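S.K.: File follows, run-v4.pdb with PDB, C-alpha atoms:
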ATOM      1  CA  ILE C 499      34.525  10.786  11.657
ATOM      2  CA  ALA C 500      31.265   9.680  13.240
ATOM      3  CA  VAL C 501      28.923   6.723  13.685
ATOM      4  CA  PHE C 502      25.172   6.791  14.268
ATOM      5  CA  ASP C 503      24.141   6.513  17.923
ATOM      6  CA  ASN C 504      20.349   6.190  18.318
ATOM      7  CA  ASN C 505      19.482   9.781  17.389
ATOM      8  CA  ASP C 506      22.419  11.456  15.668
ATOM      9  CA  TRP C 507      25.940  11.097  14.311
ATOM     10  CA  LYS C 508      28.493  10.895  17.133
ATOM     11  CA  PRO C 509      32.213  11.578  16.513
ATOM     12  CA  VAL C 510      34.442   8.630  17.401
ATOM     13  CA  TYR C 511      37.804   9.660  15.915
ATOM     14  CA  TRP C 512      39.507  12.576  14.250
ATOM     15  CA  GLY C 513      41.880  13.145  11.343
ATOM     16  CA  LYS C 514      43.721  16.144   9.932
ATOM     17  CA  ALA C 515      42.660  17.497   6.556
ATOM     18  CA  ARG C 516      45.380  17.998   3.956
ATOM     19  CA  PHE C 517      44.938  18.971   0.306
ATOM     20  CA  GLY C 518      41.174  18.457   0.584
ATOM     21  CA  LYS C 519      41.430  14.990   2.119
ATOM     22  CA  ALA C 520      41.429  13.606   5.660
ATOM     23  CA  ARG C 521      42.976  10.310   6.730
ATOM     24  CA  PHE C 522      41.449   8.117   9.463
ATOM     25  CA  LYS C 523      43.508   5.150  10.613
ATOM     26  CA  GLY C 524      42.549   1.879  12.273
ATOM     27  CA  MET C 525      38.786   2.199  11.709
ATOM     28  CA  GLY C 526      36.554  -0.760  12.543
ATOM     29  CA  ARG C 527      34.929  -2.622   9.658
ATOM     30  CA  ARG C 528      31.328  -3.562   8.938
ATOM     31  CA  ILE C 529      30.316  -0.147  10.275
ATOM     32  CA  THR C 530      28.539   2.859   8.734
ATOM     33  CA  TYR C 531      30.401   6.174   9.052
ATOM     34  CA  ILE C 532      30.141   9.791   7.984
ATOM     35  CA  ALA C 533      32.852  12.473   7.910
ATOM     36  CA  LEU C 534      32.083  15.703   9.762
ATOM     37  CA  GLY C 535      33.798  19.049   9.702
ATOM     38  CA  TYR C 536      33.417  22.368  11.468
ATOM     39  CA  VAL C 537      31.530  25.057   9.576
ATOM     40  CA  ASP C 538      31.106  28.298  11.556
ATOM     41  CA  ASP C 539      31.937  26.388  14.767
ATOM     42  CA  GLU C 540      29.209  23.808  14.067
ATOM     43  CA  LEU C 541      29.760  20.166  13.127
ATOM     44  CA  MET C 542      28.399  19.559   9.623
ATOM     45  CA  PRO C 543      28.528  16.568   7.227
ATOM     46  CA  ILE C 544      31.342  16.879   4.692
ATOM     47  CA  SER C 545      30.865  13.442   3.107
ATOM     48  CA  ARG C 546      28.048  11.097   2.267
ATOM     49  CA  PRO C 547      27.350   8.289   4.742
ATOM     50  CA  PHE C 548      29.318   5.184   3.766
ATOM     51  CA  TYR C 549      29.614   1.559   4.816
ATOM     52  CA  LEU C 550      33.062   0.067   5.410
ATOM     53  CA  ASP C 551      32.687  -3.651   4.694
ATOM     54  CA  ALA C 552      34.692  -6.597   6.052
ATOM     55  CA  GLN C 553      37.213  -6.343   3.182
ATOM     56  CA  GLY C 554      37.797  -2.620   3.705
ATOM     57  CA  GLN C 555      35.764  -1.502   0.681
ATOM     58  CA  VAL C 556      33.747   1.720   0.938
ATOM     59  CA  ASP C 557      30.107   1.791  -0.210
ATOM     60  CA  GLU C 558      28.561   5.260  -0.271
ATOM     61  CA  PHE C 559      24.856   5.918   0.283
ATOM     62  CA  HIS C 560      23.224   8.472  -1.986
ATOM     63  CA  MET C 561      19.896   8.881  -3.778
ATOM     64  CA  ASP C 562      19.926   7.514  -7.323
ATOM     65  CA  GLY C 563      16.761   9.160  -8.646
ATOM     66  CA  ARG C 564      14.556   6.080  -8.303
ATOM     67  CA  LEU C 565      12.099   4.840  -5.699
ATOM     68  CA  ALA C 566      12.952   2.027  -3.316
ATOM     69  CA  PRO C 567      10.599  -0.989  -3.137
ATOM     70  CA  GLU C 568       7.978  -1.048  -0.395
ATOM     71  CA  ILE C 569       9.369  -2.487   2.834
ATOM     72  CA  ARG C 570       7.786  -4.028   5.917
ATOM     73  CA  ILE C 571       9.399  -3.047   9.232
ATOM     74  CA  TRP C 572       8.913  -5.296  12.279
ATOM     75  CA  ARG C 573      11.394  -3.649  14.665
ATOM     76  CA  LYS C 574      12.942  -0.238  15.274
ATOM     77  CA  TYR C 575      16.268  -1.712  16.398
ATOM     78  CA  PRO C 576      18.040  -4.995  15.577
ATOM     79  CA  MET C 577      18.103  -7.919  17.988
ATOM     80  CA  PHE C 578      21.417  -8.414  19.733
ATOM     81  CA  GLN C 579      22.954 -11.080  21.953
ATOM     82  CA  HIS C 580      20.961 -10.197  25.068
ATOM     83  CA  VAL C 581      17.796 -11.420  23.342
ATOM     84  CA  PHE C 582      19.367 -14.612  22.004
ATOM     85  CA  LYS C 583      20.656 -15.488  25.474
ATOM     86  CA  VAL C 584      17.088 -16.371  26.525
ATOM     87  CA  HIS C 585      16.271 -18.238  23.307
ATOM     88  CA  ASP C 586      15.358 -21.396  25.232
ATOM     89  CA  VAL C 587      12.100 -19.760  26.383
ATOM     90  CA  LEU C 588      11.339 -17.902  23.133
ATOM     91  CA  HIS C 589       9.941 -20.726  21.061
ATOM     92  CA  GLY C 590       6.819 -22.770  20.454
ATOM     93  CA  GLY C 591       3.612 -22.398  22.409
ATOM     94  CA  PHE C 592      -0.026 -22.750  21.407
ATOM     95  CA  LEU C 593      -3.416 -21.173  22.066
ATOM     96  CA  GLU C 594      -6.413 -22.902  23.596
ATOM     97  CA  ALA C 595      -9.944 -21.493  23.471
ATOM     98  CA  SER C 596     -12.935 -22.539  25.527
ATOM     99  CA  ASP C 597     -16.561 -21.809  26.444
ATOM    100  CA  ASN C 598     -15.660 -21.864  30.144
ATOM    101  CA  ALA C 599     -12.947 -20.388  32.355
ATOM    102  CA  ASP C 600     -11.946 -23.882  33.529
ATOM    103  CA  PHE C 601     -11.017 -24.784  29.936
ATOM    104  CA  VAL C 602     -12.813 -28.111  30.161
ATOM    105  CA  GLY C 603     -13.017 -29.461  26.615
ATOM    106  CA  ALA C 604     -10.823 -26.642  25.299
ATOM    107  CA  GLU C 605      -9.830 -26.572  21.631
ATOM    108  CA  ILE C 606      -6.290 -25.898  20.387
ATOM    109  CA  VAL C 607      -6.859 -23.142  17.839
ATOM    110  CA  ALA C 608      -3.317 -21.976  16.911
ATOM    111  CA  SER C 609       0.337 -22.977  17.295
ATOM    112  CA  PHE C 610       3.274 -20.578  17.352
ATOM    113  CA  PRO C 611       6.467 -21.209  15.332
ATOM    114  CA  GLU C 612       9.123 -23.221  17.112
ATOM    115  CA  TRP C 613      12.007 -20.785  16.640
ATOM    116  CA  SER C 614      10.577 -17.347  15.936
ATOM    117  CA  LEU C 615      12.376 -15.220  18.529
ATOM    118  CA  THR C 616      10.691 -11.864  17.972
ATOM    119  CA  SER C 617       7.352 -10.875  16.345
ATOM    120  CA  GLY C 618       4.995 -12.572  13.942
ATOM    121  CA  TYR C 619       1.467 -13.831  13.492
ATOM    122  CA  VAL C 620      -0.338 -17.161  13.212
ATOM    123  CA  GLU C 621      -3.586 -18.158  11.546
ATOM    124  CA  VAL C 622      -6.386 -19.350  13.841
ATOM    125  CA  SER C 623      -8.559 -22.381  13.135
ATOM    126  CA  GLN C 624     -11.530 -22.676  15.510
ATOM    127  CA  SER C 625     -14.687 -24.756  15.156
ATOM    128  CA  ARG C 626     -16.836 -21.992  16.702
ATOM    129  CA  PRO C 627     -16.443 -18.678  18.544
ATOM    130  CA  TYR C 628     -15.035 -18.833  22.075
ATOM    131  CA  ARG C 629     -15.034 -16.424  25.016
ATOM    132  CA  TYR C 630     -11.959 -17.637  26.928
ATOM    133  CA  TRP C 631      -8.456 -17.952  25.497
ATOM    134  CA  ARG C 632      -5.108 -18.881  27.022
ATOM    135  CA  LEU C 633      -1.460 -19.333  26.066
ATOM    136  CA  CYS C 634      -0.006 -22.782  26.758
ATOM    137  CA  ALA C 635       3.341 -24.503  26.403
ATOM    138  CA  ASP C 636       4.328 -28.114  25.886
ATOM    139  CA  ASP C 637       4.885 -29.824  29.221
ATOM    140  CA  GLU C 638       8.659 -30.077  28.773
ATOM    141  CA  LYS C 639       9.076 -26.458  27.576
ATOM    142  CA  MET C 640       8.368 -22.869  28.571
ATOM    143  CA  CYS C 641       7.051 -20.105  26.352
ATOM    144  CA  ASP C 642       7.598 -16.438  27.279
ATOM    145  CA  MET C 643       5.319 -13.986  25.491
ATOM    146  CA  ALA C 644       4.988 -10.214  25.906
ATOM    147  CA  GLU C 645       1.871  -9.366  23.891
ATOM    148  CA  LEU C 646      -0.928 -11.022  21.913
ATOM    149  CA  PHE C 647      -3.176  -9.142  19.483
ATOM    150  CA  PHE C 648      -6.346 -10.728  18.098
ATOM    151  CA  TYR C 649      -7.873  -9.887  14.709
ATOM    152  CA  ASP C 650     -11.308 -10.954  13.464
ATOM    153  CA  VAL C 651     -12.314 -12.033   9.944
ATOM    154  CA  ALA C 652     -12.778  -8.370   8.959
ATOM    155  CA  GLY C 653      -9.193  -7.581   9.972
ATOM    156  CA  GLN C 654     -10.305  -5.541  12.990
ATOM    157  CA  ARG C 655      -8.488  -5.905  16.299
ATOM    158  CA  VAL C 656     -10.586  -7.335  19.140
ATOM    159  CA  SER C 657      -9.395  -6.865  22.709
ATOM    160  CA  PRO C 658     -10.179  -8.905  25.828
ATOM    161  CA  LEU C 659     -12.219  -7.296  28.592
ATOM    162  CA  MET C 660     -10.083  -9.028  31.182
ATOM    163  CA  GLY C 661      -6.598 -10.297  30.616
ATOM    164  CA  SER C 662      -3.056 -10.481  31.877
ATOM    165  CA  VAL C 663       0.260  -8.932  30.916
ATOM    166  CA  LEU C 664      -0.365 -10.575  27.538
ATOM    167  CA  SER C 665      -2.709  -7.698  26.692
ATOM    168  CA  ASP C 666      -1.384  -4.759  28.724
ATOM    169  CA  GLY C 667       0.267  -2.972  25.780
ATOM    170  CA  ASP C 668       3.714  -3.099  27.394
ATOM    171  CA  PRO C 669       6.317  -5.152  25.468
ATOM    172  CA  LEU C 670       8.627  -5.176  28.497
ATOM    173  CA  THR C 671       6.237  -7.213  30.637
ATOM    174  CA  ASN C 672       5.814 -10.869  29.745
ATOM    175  CA  TYR C 673       3.845 -13.958  30.638
ATOM    176  CA  SER C 674       5.659 -17.262  31.046
ATOM    177  CA  ALA C 675       3.513 -20.211  29.981
ATOM    178  CA  ASP C 676       4.534 -23.484  31.584
ATOM    179  CA  GLY C 677       2.374 -26.365  30.413
ATOM    180  CA  ARG C 678      -1.404 -25.805  30.571
ATOM    181  CA  THR C 679      -1.429 -23.461  33.563
ATOM    182  CA  MET C 680      -4.737 -21.851  34.556
ATOM    183  CA  ALA C 681      -3.123 -18.458  35.126
ATOM    184  CA  GLY C 682      -3.156 -15.700  32.558
ATOM    185  CA  TYR C 683      -6.268 -16.524  30.539
ATOM    186  CA  LEU C 684      -8.003 -13.843  28.469
ATOM    187  CA  ASP C 685     -11.733 -13.134  28.759
ATOM    188  CA  PHE C 686     -13.363 -11.372  25.789
ATOM    189  CA  GLY C 687     -16.711 -11.051  27.563
ATOM    190  CA  LYS C 688     -18.467 -12.903  24.756
ATOM    191  CA  PRO C 689     -17.572 -15.574  22.185
ATOM    192  CA  VAL C 690     -15.328 -14.180  19.435
ATOM    193  CA  ALA C 691     -14.303 -15.514  16.034
ATOM    194  CA  VAL C 692     -10.624 -14.807  15.431
ATOM    195  CA  GLU C 693      -8.853 -15.147  12.090
ATOM    196  CA  ARG C 694      -5.267 -14.491  13.183
ATOM    197  CA  VAL C 695      -3.223 -13.639  16.247
ATOM    198  CA  ALA C 696      -0.176 -11.357  16.151
ATOM    199  CA  TYR C 697       2.434 -11.902  18.838
ATOM    200  CA  VAL C 698       5.426 -10.155  20.375
ATOM    201  CA  ARG C 699       7.692 -12.474  22.310
ATOM    202  CA  ARG C 700       9.634 -11.484  25.392
ATOM    203  CA  GLY C 701      12.382  -9.142  24.239
ATOM    204  CA  ASP C 702      13.934  -5.702  24.475
ATOM    205  CA  GLY C 703      10.876  -3.556  23.750
ATOM    206  CA  ASN C 704      11.975  -2.659  20.224
ATOM    207  CA  ALA C 705       9.337  -4.617  18.309
ATOM    208  CA  VAL C 706       6.789  -2.494  16.432
ATOM    209  CA  MET C 707       3.714  -2.103  18.651
ATOM    210  CA  PRO C 708       0.151  -1.269  17.570
ATOM    211  CA  GLY C 709      -0.796   2.235  18.649
ATOM    212  CA  ASP C 710       2.785   3.466  19.028
ATOM    213  CA  GLU C 711       4.038   6.331  16.879
ATOM    214  CA  TYR C 712       7.005   6.016  14.514
ATOM    215  CA  GLU C 713       8.784   8.303  12.068
ATOM    216  CA  ILE C 714      10.778   7.370   8.975
ATOM    217  CA  PHE C 715      13.630   9.538   7.676
ATOM    218  CA  TYR C 716      15.977   9.324   4.691
ATOM    219  CA  TRP C 717      19.409  10.894   4.208
ATOM    220  CA  ALA C 718      19.784  13.685   1.681
ATOM    221  CA  ASP C 719      23.090  15.410   0.993
ATOM    222  CA  ASP C 720      22.476  18.022   3.678
ATOM    223  CA  GLY C 721      20.968  15.837   6.419
ATOM    224  CA  TRP C 722      17.977  13.746   7.512
ATOM    225  CA  LYS C 723      14.664  14.420   5.781
ATOM    226  CA  HIS C 724      11.333  13.391   7.256
ATOM    227  CA  HIS C 725       9.477  10.956   5.010
ATOM    228  CA  SER C 726       6.420   9.737   6.914
ATOM    229  CA  SER C 727       4.765   9.203  10.306
ATOM    230  CA  HIS C 728       3.009   5.984  11.289
ATOM    231  CA  ILE C 729       0.676   4.759  14.036
ATOM    232  CA  PRO C 730       0.225   1.084  13.087
ATOM    233  CA  ASP C 731      -2.716  -1.091  14.076
ATOM    234  CA  ASP C 732      -0.518  -4.151  13.650
ATOM    235  CA  ILE C 733       2.947  -5.374  14.613
ATOM    236  CA  TYR C 734       4.607  -4.038  11.463
ATOM    237  CA  ILE C 735       4.825  -0.876   9.367
ATOM    238  CA  ASP C 736       4.590  -0.879   5.566
ATOM    239  CA  VAL C 737       6.595   1.974   4.047
ATOM    240  CA  SER C 738       6.548   2.977   0.387
ATOM    241  CA  GLY C 739       7.759   5.951  -1.641
ATOM    242  CA  LEU C 740      11.262   6.145  -0.179
ATOM    243  CA  PRO C 741      14.029   7.389  -2.506
ATOM    244  CA  SER C 742      16.312   4.564  -3.559
ATOM    245  CA  GLY C 743      20.001   4.120  -2.786
ATOM    246  CA  THR C 744      20.376   6.206   0.327
ATOM    247  CA  LEU C 745      20.345   5.579   4.090
ATOM    248  CA  TYR C 746      17.195   5.453   6.228
ATOM    249  CA  TYR C 747      16.334   5.884   9.887
ATOM    250  CA  ILE C 748      13.376   4.683  11.954
ATOM    251  CA  LYS C 749      12.556   6.528  15.165
ATOM    252  CA  GLY C 750      10.030   5.423  17.776
ATOM    253  CA  LEU C 751       8.327   8.317  19.571
ATOM    254  CA  SER C 752       6.247   6.369  22.083
ATOM    255  CA  ARG C 753       8.815   4.332  24.022
ATOM    256  CA  GLY C 754      12.506   3.536  24.306
ATOM    257  CA  VAL C 755      15.657   5.350  23.236
ATOM    258  CA  GLN C 756      17.098   2.802  20.794
ATOM    259  CA  HIS C 757      16.610   3.704  17.118
ATOM    260  CA  ARG C 758      18.587   2.515  14.134
ATOM    261  CA  ILE C 759      19.671   3.333  10.596
ATOM    262  CA  PHE C 760      19.167   0.867   7.761
ATOM    263  CA  SER C 761      19.549   0.426   4.015
ATOM    264  CA  ILE C 762      17.402  -1.362   1.445
ATOM    265  CA  ASP C 763      19.038  -4.005  -0.738
ATOM    266  CA  ALA C 764      18.639  -2.935  -4.369
ATOM    267  CA  THR C 765      18.338  -6.530  -5.593
ATOM    268  CA  THR C 766      16.107  -8.178  -2.989
ATOM    269  CA  GLY C 767      14.331  -5.136  -1.544
ATOM    270  CA  GLU C 768      15.155  -6.376   1.957
ATOM    271  CA  MET C 769      15.823  -4.065   4.887
ATOM    272  CA  GLN C 770      19.380  -4.238   6.257
ATOM    273  CA  TRP C 771      20.423  -2.760   9.612
ATOM    274  CA  ARG C 772      23.513  -0.560   9.468
TER     275      ARG C 772
END
Take the structure from the file and write it as structure tokens.
M.R.:
Amino acid sequence: IAVFDNNDWKPVYWGKARFGKARFKGMGRRITYIALGYVDDELMPISRPFYLDAQGQVDEFHMDGRLAPEIRIWRKYPMFQHVFKVHDVLHGGFLEASDNADFVGAEIVASFPEWSLTSGYVEVSQSRPYRYWRLCADDEKMCDMAELFFYDVAGQRVSPLMGSVLSDGDPLTNYSADGRTMAGYLDFGKPVAVERVAYVRRGDGNAVMPGDEYEIFYWADDGWKHHSSHIPDDIYIDVSGLPSGTLYYIKGLSRGVQHRIFSIDATTGEMQWR
């Protein structure tokens, strides 16, 4: 019997088959499994993937002939405890914009949510276009941010000519704002009008990144089937046309080795990591 480990099913236990059935004892709960068997000396699936819930009930994944609702994917791997351990620097923050690099008379144009620990976006309200922008934190707090992406009123991404790790395209580098520090400001070279700013907070590098390449798969009875490829221009991927009822898998091709399977709740249409 196997569990999914980033790229494939990995055996974790074995059981003897008898009268067409195999018994596996002492299996952990709230885990997705699949049974494998040897066919011509090669490990092959001999069951559908299934979820063993906290009560010990088995829920099989299989296509039901319908289409799943469209989903929006923000990450290729769930957040675990190592991200939450630094939660005290993953909240709040605001953006100032100015006509000058000294930020004299700067305007606060956007505020980030207090307890959004991963990715998201905020609307910008500015009285006029500005050339210089910077990330700030309240005096008694710190705000760690990996990336900022700016979008104009036409929905097009605008990039600074000079910036810091906030615009280097690497989610594993981060800028730590402490009050209204002068370090780390972004220079667009000319005044820009921004409608919204997408952000990726300091984390594990598994947030969806603009320009990275991703693949979506679904499970059919004989294995993983490729559904679609994506190179987003935003911090999320919208996926439609998936068959309903089965198991899905998102793989990032551009960075990292952590990828994860998920299901889609038939009632709410929400993505659920498995």
S.K.: Which residues fall under the PyMOL selection byres ((chain C and resi 722) around 12) in this file, as a short mmCIF file (atom, residue, chain, number, x, y, z; two decimals) with C-alpha atoms, in the coordinates of the input?
M.R.:
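Generated file (expr_18.cif):
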data_model
loop_
_atom_site.label_atom_id
_atom_site.label_comp_id
_atom_site.auth_asym_id
_atom_site.auth_seq_id
_atom_site.Cartn_x
_atom_site.Cartn_y
_atom_site.Cartn_z
CA ASN C 505 19.48 9.78 17.39
CA ASP C 506 22.42 11.46 15.67
CA TRP C 507 25.94 11.10 14.31
CA PRO C 543 28.53 16.57 7.23
CA ARG C 546 28.05 11.10 2.27
CA PRO C 547 27.35 8.29 4.74
CA GLU C 713 8.78 8.30 12.07
CA ILE C 714 10.78 7.37 8.98
CA PHE C 715 13.63 9.54 7.68
CA TYR C 716 15.98 9.32 4.69
CA TRP C 717 19.41 10.89 4.21
CA ALA C 718 19.78 13.68 1.68
CA ASP C 719 23.09 15.41 0.99
CA ASP C 720 22.48 18.02 3.68
CA GLY C 721 20.97 15.84 6.42
CA LYS C 723 14.66 14.42 5.78
CA HIS C 724 11.33 13.39 7.26
CA HIS C 725 9.48 10.96 5.01
CA THR C 744 20.38 6.21 0.33
CA LEU C 745 20.34 5.58 4.09
CA TYR C 746 17.20 5.45 6.23
CA TYR C 747 16.33 5.88 9.89
CA ILE C 748 13.38 4.68 11.95
CA LYS C 749 12.56 6.53 15.16
CA ILE C 759 19.67 3.33 10.60
#
S.K.: Restricting the calculation to all atoms listed in the file, which member of C:Phe601, C:Tyr649, C:Phe517, C:Tyr531 is positioned closest to Glu621 (chain C)?
M.R.: C:Tyr649
S.K.: Can you pull out every residue within 12 Å of Ala520 (chain C), counting all atoms listed in the file, but drop anything in the same chain fewer than 5 positions away, and send it as a list in words?
M.R.: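 Once the adjacent positions are removed, what remains is Ile499, Tyr511, Trp512, Gly513, Lys514, Ala515, Ala533, Leu534, Gly535, Ile544 and Ser545 of chain C.
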S.K.: Please expand the PyMOL selection byres ((chain C and resi 562-569) around 6) into the concrete residues it hits in this file, giving the result as a PyMOL selection string.
M.R.: chain C and resi 561+570+736-738+740-743+767
S.K.: Just checking: using only C-alpha atoms, which residue out of C:Gly709, C:Pro689, C:Gly739, C:Gly677 ends up closest to Asp642 (chain C)?
M.R.: C:Gly677
S.K.: Selection in question (the file shown): the PyMOL selection byres ((chain C and resi 600) around 12). Which residues does it include, as an MDAnalysis selection string?
M.R.: chainID C and resid 594:599 601:604 629:632 678:681 683:685
S.K.: With C-alpha atoms retained, write the just-selected residues as a PDB file, in the coordinates of the input.
M.R.:
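Output contents, as saved in out_5.pdb:
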ATOM      1  CA  GLU C 594      -6.413 -22.902  23.596  1.00  0.00           C
ATOM      2  CA  ALA C 595      -9.944 -21.493  23.471  1.00  0.00           C
ATOM      3  CA  SER C 596     -12.935 -22.539  25.527  1.00  0.00           C
ATOM      4  CA  ASP C 597     -16.561 -21.809  26.444  1.00  0.00           C
ATOM      5  CA  ASN C 598     -15.660 -21.864  30.144  1.00  0.00           C
ATOM      6  CA  ALA C 599     -12.947 -20.388  32.355  1.00  0.00           C
ATOM      7  CA  PHE C 601     -11.017 -24.784  29.936  1.00  0.00           C
ATOM      8  CA  VAL C 602     -12.813 -28.111  30.161  1.00  0.00           C
ATOM      9  CA  GLY C 603     -13.017 -29.461  26.615  1.00  0.00           C
ATOM     10  CA  ALA C 604     -10.823 -26.642  25.299  1.00  0.00           C
ATOM     11  CA  ARG C 629     -15.034 -16.424  25.016  1.00  0.00           C
ATOM     12  CA  TYR C 630     -11.959 -17.637  26.928  1.00  0.00           C
ATOM     13  CA  TRP C 631      -8.456 -17.952  25.497  1.00  0.00           C
ATOM     14  CA  ARG C 632      -5.108 -18.881  27.022  1.00  0.00           C
ATOM     15  CA  ARG C 678      -1.404 -25.805  30.571  1.00  0.00           C
ATOM     16  CA  THR C 679      -1.429 -23.461  33.563  1.00  0.00           C
ATOM     17  CA  MET C 680      -4.737 -21.851  34.556  1.00  0.00           C
ATOM     18  CA  ALA C 681      -3.123 -18.458  35.126  1.00  0.00           C
ATOM     19  CA  TYR C 683      -6.268 -16.524  30.539  1.00  0.00           C
ATOM     20  CA  LEU C 684      -8.003 -13.843  28.469  1.00  0.00           C
ATOM     21  CA  ASP C 685     -11.733 -13.134  28.759  1.00  0.00           C
TER      22      ASP C 685
END
S.K.: Quote the spacing between CA of Asp732 (chain C) and CA of Leu664 (chain C) in Å to one decimal place.
M.R.: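 Interatomic distance, CA of Asp732 (chain C) to CA of Leu664 (chain C): 15.3 Å.
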S.K.: Counting only C-alpha atoms, find the residues whose atoms lie at most 8 Å from (-12.4, -15.2, 15.6) (file coordinates) and write them out as number ranges by chain.
M.R.: C: 622, 624, 627-628, 648-651, 690-694
S.K.: Rounded to one decimal, what separation in Å do you get between CA of Trp771 (chain C) and CA of Asp702 (chain C)?
M.R.: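 So the answer is 16.5 Å.
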S.K.: Pull the neighbourhood of (-2.2, -14.6, 17.8) for me: all residues within 6 Å in file coordinates, counting only C-alpha atoms, as a count of residues only.
M.R.: 9
